[in-house]
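A.B. asks: Just one file: run.cif, with mmCIF, C-alpha atoms.
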data_model
#
loop_
_atom_site.label_atom_id
_atom_site.label_comp_id
_atom_site.auth_asym_id
_atom_site.auth_seq_id
_atom_site.Cartn_x
_atom_site.Cartn_y
_atom_site.Cartn_z
CA MET A 1 77.80 86.04 45.39
CA LEU A 2 79.89 88.89 44.09
CA GLY A 3 80.88 89.37 40.46
CA THR A 4 81.00 86.63 37.83
CA LEU A 5 83.32 84.27 39.69
CA ASP A 6 82.73 80.66 40.72
CA TRP A 7 82.99 81.03 44.50
CA GLY A 8 83.32 78.00 46.75
CA PRO A 9 84.28 77.28 50.38
CA ALA A 10 87.92 78.28 50.86
CA ASP A 11 88.68 75.46 53.27
CA GLU A 12 87.64 72.95 50.57
CA ARG A 13 89.94 74.47 47.91
CA PRO A 14 93.41 74.66 49.49
CA GLY A 15 95.09 74.51 46.06
CA LEU A 16 93.81 78.04 45.43
CA LEU A 17 95.50 79.39 48.56
CA ALA A 18 99.12 80.11 49.48
CA GLY A 19 100.46 77.74 52.15
CA PRO A 20 100.19 80.15 55.10
CA VAL A 21 96.67 81.15 54.00
CA ALA A 22 95.51 77.54 53.65
CA ALA A 23 96.86 76.83 57.15
CA ALA A 24 94.90 79.75 58.65
CA ILE A 25 91.69 79.76 56.59
CA GLY A 26 89.90 77.31 58.91
CA ALA A 27 89.45 80.15 61.39
CA LEU A 28 87.23 81.87 58.78
CA PRO A 29 84.55 79.25 58.02
CA ASP A 30 82.50 81.55 55.79
CA ALA A 31 85.41 82.51 53.52
CA GLU A 32 84.94 81.68 49.84
CA VAL A 33 87.61 81.41 47.14
CA ALA A 34 87.52 81.59 43.34
CA ALA A 35 90.11 81.03 40.62
CA ILE A 36 91.05 83.97 38.41
CA ASP A 37 93.43 84.66 35.55
CA PRO A 38 96.72 85.52 37.33
CA ASP A 39 97.42 88.18 34.70
CA LEU A 40 94.31 89.98 35.99
CA ALA A 41 95.17 89.88 39.71
CA ASP A 42 95.84 93.62 39.94
CA THR A 43 92.79 95.36 41.35
CA ALA A 44 91.61 97.52 38.44
CA ALA A 45 91.98 94.76 35.84
CA PHE A 46 90.41 92.19 38.18
CA CYS A 47 87.38 94.35 38.99
CA GLU A 48 86.75 95.23 35.35
CA ARG A 49 87.04 91.64 34.07
CA TYR A 50 85.04 89.93 36.82
CA GLY A 51 82.40 92.58 37.52
CA VAL A 52 83.45 93.28 41.11
CA PRO A 53 82.89 96.89 42.20
CA LEU A 54 86.04 98.70 43.36
CA ASP A 55 84.34 99.46 46.68
CA ALA A 56 83.92 95.70 47.27
CA SER A 57 87.62 95.01 46.69
CA ALA A 58 90.15 95.52 49.49
CA ASN A 59 93.90 95.71 49.09
CA CYS A 60 96.47 94.54 51.60
CA VAL A 61 99.66 96.57 51.78
CA VAL A 62 102.65 95.54 53.86
CA VAL A 63 104.25 98.41 55.74
CA ALA A 64 107.78 98.49 57.13
CA ALA A 65 107.92 100.68 60.25
CA LYS A 66 111.32 101.87 61.47
CA ARG A 67 112.35 103.27 64.83
CA GLY A 68 115.82 103.31 66.35
CA GLY A 69 117.31 100.88 63.84
CA GLU A 70 114.54 98.33 64.43
CA VAL A 71 112.11 97.37 61.65
CA SER A 72 108.65 95.95 62.32
CA TYR A 73 105.95 95.05 59.85
CA ALA A 74 102.21 95.50 59.65
CA ALA A 75 99.49 94.88 57.09
CA CYS A 76 96.95 97.54 56.15
CA MET A 77 93.57 96.68 54.62
CA ILE A 78 92.03 99.46 52.57
CA LEU A 79 89.24 99.54 50.00
CA ALA A 80 90.43 99.81 46.40
CA THR A 81 88.73 103.20 46.23
CA GLY A 82 91.04 104.65 48.90
CA ARG A 83 94.66 104.97 49.93
CA ALA A 84 96.17 104.18 53.32
CA ASP A 85 97.66 107.13 55.20
CA VAL A 86 100.98 105.34 55.74
CA ASN A 87 103.00 108.44 56.70
CA GLY A 88 100.33 109.75 59.08
CA VAL A 89 97.88 107.42 60.78
CA VAL A 90 99.81 104.18 60.21
CA ARG A 91 103.21 105.56 61.22
CA LYS A 92 101.83 107.16 64.39
CA HIS A 93 99.79 104.11 65.33
CA LEU A 94 102.85 101.88 65.01
CA GLY A 95 105.02 104.33 66.98
CA ALA A 96 107.51 104.55 64.13
CA ARG A 97 109.84 107.34 63.11
CA LYS A 98 109.41 106.30 59.47
CA ALA A 99 106.89 104.05 57.70
CA SER A 100 106.87 102.99 54.07
CA PHE A 101 105.62 100.24 51.83
CA ALA A 102 107.83 97.19 52.32
CA PRO A 103 109.91 96.32 49.25
CA MET A 104 108.34 93.58 47.12
CA ALA A 105 111.08 91.00 47.76
CA GLU A 106 110.84 91.59 51.51
CA ALA A 107 107.04 91.41 51.58
CA THR A 108 106.89 88.15 49.62
CA SER A 109 109.77 86.54 51.51
CA LEU A 110 108.36 87.38 54.94
CA THR A 111 104.76 86.40 54.15
CA GLY A 112 105.28 83.34 51.95
CA MET A 113 102.80 84.89 49.52
CA GLU A 114 102.97 86.21 45.96
CA TYR A 115 103.19 89.92 45.27
CA GLY A 116 99.76 91.12 44.19
CA GLY A 117 98.10 88.39 46.25
CA ILE A 118 99.23 89.21 49.80
CA THR A 119 96.42 88.92 52.30
CA PRO A 120 96.06 89.41 56.08
CA ILE A 121 95.08 85.76 56.53
CA GLY A 122 98.11 83.70 57.53
CA LEU A 123 100.56 86.56 58.10
CA PRO A 124 103.49 86.00 60.44
CA GLU A 125 102.52 85.94 64.11
CA GLY A 126 102.71 89.29 65.82
CA TRP A 127 102.09 91.42 62.74
CA PRO A 128 99.37 93.99 63.38
CA VAL A 129 96.59 93.99 60.80
CA LEU A 130 95.23 97.53 60.50
CA VAL A 131 91.77 97.42 58.95
CA ASP A 132 90.20 100.59 57.62
CA GLU A 133 86.73 101.30 59.04
CA SER A 134 85.17 101.08 55.57
CA VAL A 135 86.60 97.58 55.06
CA ALA A 136 85.34 96.42 58.47
CA ALA A 137 81.87 97.78 57.69
CA ALA A 138 81.61 96.21 54.23
CA PRO A 139 79.13 93.33 53.96
CA HIS A 140 81.57 91.48 51.67
CA VAL A 141 85.05 92.24 50.38
CA VAL A 142 87.27 90.51 47.86
CA ILE A 143 90.89 90.18 49.00
CA GLY A 144 94.00 88.31 47.95
CA SER A 145 94.49 84.60 48.55
CA GLY A 146 98.25 84.71 48.86
CA LEU A 147 98.44 83.70 45.18
CA ARG A 148 97.77 85.72 42.03
CA LYS A 149 95.59 82.94 40.60
CA SER A 150 92.66 83.37 43.02
CA LYS A 151 90.73 85.72 45.29
CA VAL A 152 88.99 85.30 48.66
CA LEU A 153 85.53 86.65 49.50
CA LEU A 154 84.47 87.28 53.08
CA ALA A 155 82.63 89.71 55.32
CA GLY A 156 84.53 92.83 56.34
CA LYS A 157 83.76 92.03 59.97
CA ALA A 158 85.70 88.75 59.56
CA LEU A 159 88.85 90.79 58.81
CA ALA A 160 88.16 93.02 61.82
CA ALA A 161 87.91 89.86 63.96
CA LEU A 162 91.34 88.47 63.00
CA PRO A 163 93.44 87.97 66.16
CA SER A 164 95.86 90.82 65.46
CA ALA A 165 93.37 93.16 63.77
CA GLU A 166 92.67 96.73 64.80
CA VAL A 167 90.02 98.87 63.11
CA LEU A 168 91.15 102.44 62.36
CA ALA A 169 90.38 105.34 60.03
CA LEU A 170 93.27 104.62 57.62
CA ALA A 171 92.05 106.19 54.39
CA LEU A 172 93.33 109.51 53.10
#
Just dump the structure as structure tokens.
C.D. replies:
Amino acid sequence: MLGTLDWGPADERPGLLAGPVAAAIGALPDAEVAAIDPDLADTAAFCERYGVPLDASANCVVVAAKRGGEVSYAACMILATGRADVNGVVRKHLGARKASFAPMAEATSLTGMEYGGITPIGLPEGWPVLVDESVAAAPHVVIGSGLRKSKVLLAGKALAALPSAEVLALAL
């Protein structure tokens, strides 16, 4: 296992998952979950405290894409060592005139997840999940659980296999 956490099967620990994540986690039978200090949910603090390398931690950012007065949303998965090219690759891929990080209140309201814990598992139907190539290729990545009090561990290829996932070169 990765880091110093007490990992266990995610489908057996629904109390460590946000509602939408718990409802969807069964599709990922190898996913593991571990409790963490919610004050250490932010990536740098989490990695330092629990001995997880930054290149084994992936962040999920919610993007609001605008075109012709319409707003659509997508999730981008990027390793903690990189940044998503929201104004280039993501914007063009989504066919948007403008793309930006969704405001916190919007992201949490739409996903049913806590800020700092948003994950691609259990997102609203129809949202594209754009997975950076380096995330898809990672043997294991730590991602959010929908809550700040826990993290999920799974293979990068499991994220690439999510129903609405597309693997792209997202990193700047």
A.B. asks: Smallest atom-to-atom distance to A:Asn87: which of A:Leu172, A:Leu54, A:Pro128, A:Gly3, using all atoms listed in the file?
C.D. replies: A:Leu172
A.B. asks: Using only C-alpha atoms, which residues sit within 8 Å of stretch 113-116 of chain A once same-chain residues fewer than 6 positions away are excluded, as a VMD selection string?
C.D. replies: chain A and resid 18 to 20 41 to 42 104 107 144 146 to 148
A.B. asks: Do you have the atom CA of A:Leu123-atom CA of A:Pro139 distance handy?
C.D. replies: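 Atom-to-atom, atom CA of A:Leu123 and atom CA of A:Pro139 are spaced 22.9 Å apart.
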A.B. asks: From the options A:Val61, A:Ala75, A:Val89, A:Val152, which residue's atoms come nearest to A:Ala22, counting only C-alpha atoms?
C.D. replies: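 Once distances to A:Ala22 are computed over only C-alpha atoms, the minimum belongs to A:Val152.
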A.B. asks: Considering all atoms listed in the file, state which residue in the set A:Val141, A:Leu154, A:Ala64, A:Val52 is at the smallest distance from A:Ile25.
C.D. replies: A:Leu154
A.B. asks: Using all atoms listed in the file, which of A:Leu40, A:Ala23, A:Ala58, A:Leu168 sits nearest A:Ala155?
C.D. replies: A:Ala58
A.B. asks: Between A:Leu159, A:Cys47, A:Ala99, A:Ala105, which residue has the minimum interatomic distance to A:Ala74, considering only C-alpha atoms?
C.D. replies: A:Ala99
A.B. asks: Atom CA of A:Asp39 and atom CA of A:Thr81 are how many Å apart?
C.D. replies: 20.8 Å
